[in-house]
Amino acid sequence: MKLLFLSIFIFSFSLRSEDKKNTVYKYKDYEVIDLGSMEVKGQIIAPGDLTVNERERRVFKRSLLEKENFDFENKREIENLR
Amino acid sequence: MKLLKTLIILTTLSFSQSGQTSAKAAFEIYQKDKSSIKNKKIAHELIDGQYYFSAIAFINNYLREHNEIDSDLENDIETLVIKTGTMAVLNLEENRLENFSIPSISLVLGTRLFNKGLNEKAYAILSKIPEGHKFSIEANLIKGTIKNLERKHIEALNLYEACAKKADQQENLSEGDKLKRYYSYLKETCIIRQARIKIEDKKYEEALEFYEQIDKRSYKWPYILMDKAWANYYLKDYNRALGLTVTYKSPLLESYFFPEAEVLMALSYYNLCLWDDSLKVVDHFYDYYQPKADALKEILGQNKKSDTYFLDLYYADPKARENLNPFIRNLITQTKKQVKFNLDLASLKAAKDELALIKKLKTKNEFTIHLEANLESTISFISAKINFYIKKEIFAFINEIHKHSYSMFNLKLELLSKKREEIYNTKSEQNRVRERGSEQNVNRKNNQYFFDFNGSFWADELGDYSFGLKSQCSQKTEE
């Protein structure tokens, strides 16, 4: 058990001593962009005659007056009799 | 001439003398008779002396207490129904009247029940009237209406036919002009009903044949123009339908206004694919009827609770009525042509005359005071009844405008959609050659003549107009 504690202690000490070293970052000096190899992707799209599908316009039929019976007139006639 | 004058004076004298004798006899019964049939006896004497409205209260009192009606009383009640109409048994409830099965009471009760919407019961009561009886004409008309409402068209047709036949017989038998006119009115009503059933059954040609039986001078004639226009509309003869509806624009028929005629006119143009013409009619409908409906609504709102305002309007001279609202004049003219209104007005006059006669009686007693009080309340009741009737007619008219404005609203939307469709399809109106009015577009039968319309209506031509417009729908398919 003592041996285990000792080895953990030695290992953590060695890690700390590594952190203290100086880190050096190096950047690229230049980069070449090859414009000739670029391409424009996609296009501006607009509907044309071929792209628009001809379809029947939906007609909303509204109920127009129909004379199915003369109930209203017939009842009124009796009311107007006596 | 002198002889004639003397005769008239003598007749009037004997008439008023017999009236006085009857009033005296009635007073004696009122004073001395202690029997249970006292009211019946008084009523009989009063009816004998032609004090019909005074007799009503006594007849009603008797019927409230007794279940039996002998032949004398039956005759008296029948006379009362003829002279005073539904007033004869006004104070008796329906469940009380159900106990009696004489034709006059059955007719009054049946009519009352029908107007309350109790059709089944009304039919059973009216069926108690024997076929040969003179009241069977009206009974068959109402019974036919009930079957018509139930869509039992064969039964309804049979009843209307029986009604027209019997009315024709009675018209030939009766002597008085008024009575003749009444039976003629019933006959024509029953003929029109048969035509209407044919329209409901989609047998339009047969319907038009029935309408041909109505004389142009008849009271009913202006009303059948609408029916005929519908029959022609369904026969797809839109030009004829337009011609019939435009007849209401003639000066002779200016007091008749049917908002439905405007709708039918717009629909006919619509079916001829004449969108602009149809739109014009729709816009005219709103411009013409909207302010009138608002004005009438205001008048109704202000005088809704009055028992006399609308009756006073009837008595007011036409100029005074026009100052108030020119529309009222025409509306009252139309109301004046209704049978019920005329009967009630005649009853009011008769009751007033009767009151004047009783006030003139030399002997004043408890009995005459009682009669006067009764008559005064009868007069105020009839006045209120007529006032209510005119008010109801105005309400019905406003409601009709509102109902048809809904139809016009839908039609306008449909028209706008059609016009938009045309624009999308680049079928410009300007590119069209619009032929308007050609004889070739008029459908005519062998018995129909053709004359040009030169901007004026002629009375003998009314009802026979037809437009000659070419349908734009056919052009559309050609394109």
# chains A, B, ... in the order shown; residues from 1 in each chain; ligands from 1
$ interface_residues --of "chain A" --to "chain B" --cutoff "10 Å" --atoms "only C-alpha atoms" --output "VMD selection string"
chain A and resid 57 59 to 82
$ select_by_dssp --residues "range 9-84 of chain B" --states "alpha helix (DSSP H)" --output "VMD selection string"
chain B and resid 9 to 32 38 to 48 52 to 65 71 to 84
$ atom_distance --atom1 "CA of Lys147 in chain B" --atom2 "CA of Leu109 in chain B"
18.0 Å
$ atom_distance --atom1 "CA of Lys32 in chain B" --atom2 "CA of Glu354 in chain B"
24.4 Å
$ closest_residue --among "B:Phe381, B:Phe467, B:Tyr286, B:Tyr160" --to "Leu348 in chain B" --atoms "only C-alpha atoms"
B:Phe381
$ closest_residue --among "B:Leu97, B:Ala55, B:Leu159, B:Leu357" --to "Gly110 in chain B" --atoms "only C-alpha atoms"
B:Leu97
$ atom_distance --atom1 "CA of Lys128 in chain B" --atom2 "CA of Ser101 in chain B"
6.6 Å
$ closest_residue --among "B:Lys41, B:Asp276, B:Ile386, B:Phe53" --to "Leu355 in chain B" --atoms "only C-alpha atoms"
B:Phe53
